[in-house]
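Structure file structure.txt; described as compact mmCIF, C-alpha atoms.
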```txt
# COMPACT_ATOMS: atom_id res chain seq x y z
CA MET X 1 -20.83 -10.91 3.98
CA PRO X 2 -21.17 -7.76 1.83
CA GLN X 3 -19.58 -7.48 -1.58
CA CYS X 4 -16.51 -5.25 -1.86
CA PHE X 5 -15.07 -2.97 -4.54
CA GLU X 6 -11.44 -3.61 -3.67
CA THR X 7 -8.07 -2.93 -5.28
CA ASP X 8 -4.52 -1.99 -4.27
CA PHE X 9 -2.40 -0.49 -7.05
CA ASP X 10 0.79 1.45 -7.72
CA TYR X 11 0.46 4.75 -9.60
CA GLU X 12 3.51 6.02 -11.47
CA ILE X 13 4.19 9.74 -11.03
CA ILE X 14 6.62 12.19 -12.63
CA ASN X 15 7.74 13.71 -9.29
CA ASP X 16 7.95 17.28 -10.60
CA GLY X 17 5.46 19.02 -8.29
CA THR X 18 2.37 18.32 -10.41
CA ASP X 19 -0.95 18.08 -8.57
CA LEU X 20 -2.34 14.55 -8.27
CA LEU X 21 -6.09 14.55 -8.87
CA ILE X 22 -8.80 11.99 -8.22
CA ASP X 23 -12.29 11.51 -9.62
CA ILE X 24 -14.68 9.41 -7.53
CA GLU X 25 -17.81 8.83 -9.59
CA PHE X 26 -20.95 7.01 -8.48
CA LEU X 27 -22.63 6.23 -11.78
CA THR X 28 -25.94 4.67 -10.71
CA PRO X 29 -28.59 7.26 -9.82
CA ASN X 30 -30.19 7.14 -6.37
CA GLN X 31 -27.56 4.99 -4.68
CA SER X 32 -26.26 6.22 -1.32
CA PRO X 33 -22.47 6.42 -0.92
CA ASP X 34 -20.71 7.16 2.35
CA PHE X 35 -16.95 7.36 1.87
CA THR X 36 -13.72 8.74 3.27
CA LEU X 37 -10.65 9.78 1.27
CA ARG X 38 -7.49 9.55 3.36
CA VAL X 39 -4.34 11.07 1.84
CA ASP X 40 -1.02 10.32 3.57
CA GLY X 41 -2.83 9.59 6.83
CA VAL X 42 -5.01 12.72 6.74
CA GLU X 43 -8.74 12.48 6.07
CA LYS X 44 -9.37 14.94 3.23
CA ILE X 45 -13.02 14.00 2.59
CA GLN X 46 -15.16 12.58 5.39
CA ASN X 47 -18.72 11.30 5.00
CA GLY X 48 -18.60 11.91 1.24
CA ASN X 49 -22.03 11.32 -0.27
CA LYS X 50 -21.71 12.37 -3.92
CA SER X 51 -19.33 12.17 -6.86
CA VAL X 52 -16.13 14.23 -6.76
CA TYR X 53 -14.19 15.39 -9.82
CA ASN X 54 -10.63 16.75 -10.16
CA TYR X 55 -10.09 16.72 -6.40
CA VAL X 56 -6.50 17.80 -5.68
CA MET X 57 -4.99 15.32 -3.22
CA LYS X 58 -1.46 16.82 -2.98
CA THR X 59 1.48 17.23 -5.35
CA ASP X 60 3.25 14.19 -6.73
CA LYS X 61 6.39 15.12 -4.76
CA GLU X 62 4.38 15.19 -1.52
CA LEU X 63 2.76 11.81 -2.24
CA ASN X 64 5.78 9.93 -3.61
CA GLY X 65 5.98 6.70 -1.58
CA LYS X 66 2.87 7.56 0.45
CA VAL X 67 -0.58 5.93 0.54
CA VAL X 68 -3.99 7.19 -0.57
CA LYS X 69 -6.97 5.23 0.73
CA LEU X 70 -10.60 5.43 -0.35
CA PHE X 71 -12.98 3.48 1.87
CA GLY X 72 -16.63 3.34 2.89
CA ASN X 73 -19.74 1.84 1.35
CA ILE X 74 -22.51 2.32 -1.19
CA ALA X 75 -26.05 1.36 -0.21
CA ASP X 76 -28.67 0.29 -2.73
CA THR X 77 -31.49 2.78 -2.21
CA SER X 78 -32.85 2.95 -5.75
CA ASN X 79 -36.32 1.69 -6.59
CA ASN X 80 -35.35 1.36 -10.27
CA THR X 81 -32.22 -0.81 -10.20
CA ASN X 82 -30.09 -2.90 -7.88
CA GLU X 83 -26.94 -2.14 -9.85
CA ILE X 84 -24.12 -0.33 -8.05
CA THR X 85 -21.27 1.25 -10.00
CA LEU X 86 -18.14 3.18 -9.06
CA THR X 87 -15.39 4.66 -11.22
CA VAL X 88 -12.15 5.98 -9.72
CA VAL X 89 -9.68 7.91 -11.89
CA VAL X 90 -6.25 9.11 -10.68
CA LYS X 91 -4.60 11.82 -12.81
CA GLY X 92 -1.44 13.92 -12.82
CA GLY X 93 1.09 11.11 -13.12
CA VAL X 94 2.69 9.47 -16.15
CA ALA X 95 -0.79 8.43 -17.42
CA PRO X 96 -4.31 8.50 -15.98
CA GLU X 97 -5.35 5.30 -14.21
CA GLN X 98 -9.02 4.32 -14.22
CA LYS X 99 -10.64 1.58 -12.13
CA ASP X 100 -14.24 0.59 -12.86
CA PHE X 101 -16.42 -1.40 -10.49
CA LYS X 102 -19.93 -2.74 -11.09
CA THR X 103 -22.14 -5.26 -9.33
CA THR X 104 -25.77 -6.17 -8.81
CA VAL X 105 -27.07 -6.58 -5.27
CA SER X 106 -30.36 -7.44 -3.61
CA ALA X 107 -32.61 -4.54 -2.67
CA GLY X 108 -31.19 -2.62 0.28
CA GLU X 109 -27.79 -4.32 0.27
CA THR X 110 -24.51 -2.48 0.72
CA VAL X 111 -21.21 -2.76 -1.16
CA GLU X 112 -18.02 -1.89 0.70
CA ILE X 113 -15.25 0.26 -0.81
CA ASP X 114 -11.59 -0.48 -0.04
CA ILE X 115 -9.19 1.11 -2.54
CA ILE X 116 -5.51 1.78 -1.94
CA ILE X 117 -3.37 3.90 -4.29
CA ARG X 118 0.42 3.98 -3.95
CA PRO X 119 2.05 6.85 -5.89
CA PHE X 120 5.71 6.18 -6.81
CA ALA X 121 8.39 7.77 -9.00
```
Output the file's structure in the form of structure tokens.
Amino acid sequence: MPQCFETDFDYEIINDGTDLLIDIEFLTPNQSPDFTLRVDGVEKIQNGNKSVYNYVMKTDKELNGKVVKLFGNIADTSNNTNEITLTVVVKGGVAPEQKDFKTTVSAGETVEIDIIIRPFA
């Protein structure tokens, strides 16, 4: 069974129309991500294969009480390391929220991604 970078967390927002942003950063060079970002049931990024910074999901008013889901996998394709890392940062609410994930796998293994964010006022 593959390893999984998994979390489900509430994210406190101001609810004043501010854009909610997300950074999805794959920190280990030469690893192969394949991810989807689903915002309130709509796939905003499909087959993502590189880091994303300051991606506007929607406004905090639009996402209050909704669900943001990041899912997919990261395959170990590096010849130099078997370490896989992922950092996810949500911004635009009361305070930025950062989640860091790191693991070591066997050559060629895959790590699944299953992250749920629940904005609330």
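The list of residues with at least one atom within 9 Å of range 110-112 of chain X, based on all atoms listed in the file and without residues fewer than 6 positions apart in the same chain, reads Pro2, Gln3, Cys4, Phe5, Glu6, Phe71, Gly72, Asn73, Ile74, Ala75, Asp76, Ile84 and Thr103 of chain X.
Between CA of Val42 in chain X and CA of Lys58 in chain X lies a distance of 11.1 Å.
Proximity to Thr104 in chain X at 9 Å, evaluated using all atoms listed in the file and with sequence-adjacent residues fewer than 5 positions away removed, yields X:Thr81, X:Asn82, X:Glu83, X:Ile84, X:Thr85.
The interatomic distance for the pair CA of Ile117 in chain X and CA of Gly48 in chain X works out to 18.1 Å.
With only C-alpha atoms as the basis for measurement, X:Val94 is the residue among X:Val94, X:Ile45, X:Ile115, X:Ala107 that approaches Tyr11 in chain X most closely.
CA of Tyr53 in chain X is positioned 22.7 Å from CA of Thr77 in chain X.
The closest residue to Ala121 in chain X, picked from X:Val56, X:Leu63, X:Leu37, X:Leu21 and counting all atoms listed in the file, is X:Leu63.
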- Task: For each of X:Val39, X:Ile116, X:Val89, X:Leu70, take the minimum atom-to-atom distance to Ile22 in chain X, counting all atoms listed in the file, then give the residue where this is smallest.
- Result: X:Val89
- Message: Calculated over only C-alpha atoms, which of the candidates X:Asn80, X:Lys69, X:Asp100, X:Val88 has the smallest distance to Lys44 in chain X?
- Response: X:Lys69
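Distance annotation: of X:Thr87, X:Tyr55, X:Glu109, X:Lys99, the residue with the minimal separation from Thr7 in chain X is X:Lys99; atom set is all atoms listed in the file.
Using all atoms listed in the file, the shortest contact distance between Ile14 in chain X and any of X:Asp34, X:Asp114, X:Glu97, X:Asp60 is found at X:Asp60.
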Using 4 Å of padding on each side, determine the axis-aligned box around all atoms of range 35-54 of chain X present in the file and give its centre and edge lengths in Å to one decimal, as lines of an AutoDock Vina configuration file.
```
center_x = -11.5
center_y = 12.1
center_z = -1.7
size_x = 29.0
size_y = 17.4
size_z = 25.0
```
- Quick one: everything within 10 Å of Ser78 in chain X, counting all atoms listed in the file, minus sequence neighbours fewer than 6 positions away in the same chain. Send it as an NGL selection string. :X and (28-32 or 84 or 107-108)
Give me a file of those residues, with C-alpha atoms, as a PDB file, in the coordinates of the input.
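Written file, again_22.pdb:
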```
ATOM      1  CA  THR X  28     -25.940   4.670 -10.710  1.00  0.00           C
ATOM      2  CA  PRO X  29     -28.590   7.260  -9.820  1.00  0.00           C
ATOM      3  CA  ASN X  30     -30.190   7.140  -6.370  1.00  0.00           C
ATOM      4  CA  GLN X  31     -27.560   4.990  -4.680  1.00  0.00           C
ATOM      5  CA  SER X  32     -26.260   6.220  -1.320  1.00  0.00           C
ATOM      6  CA  ILE X  84     -24.120  -0.330  -8.050  1.00  0.00           C
ATOM      7  CA  ALA X 107     -32.610  -4.540  -2.670  1.00  0.00           C
ATOM      8  CA  GLY X 108     -31.190  -2.620   0.280  1.00  0.00           C
TER       9      GLY X 108
END
```
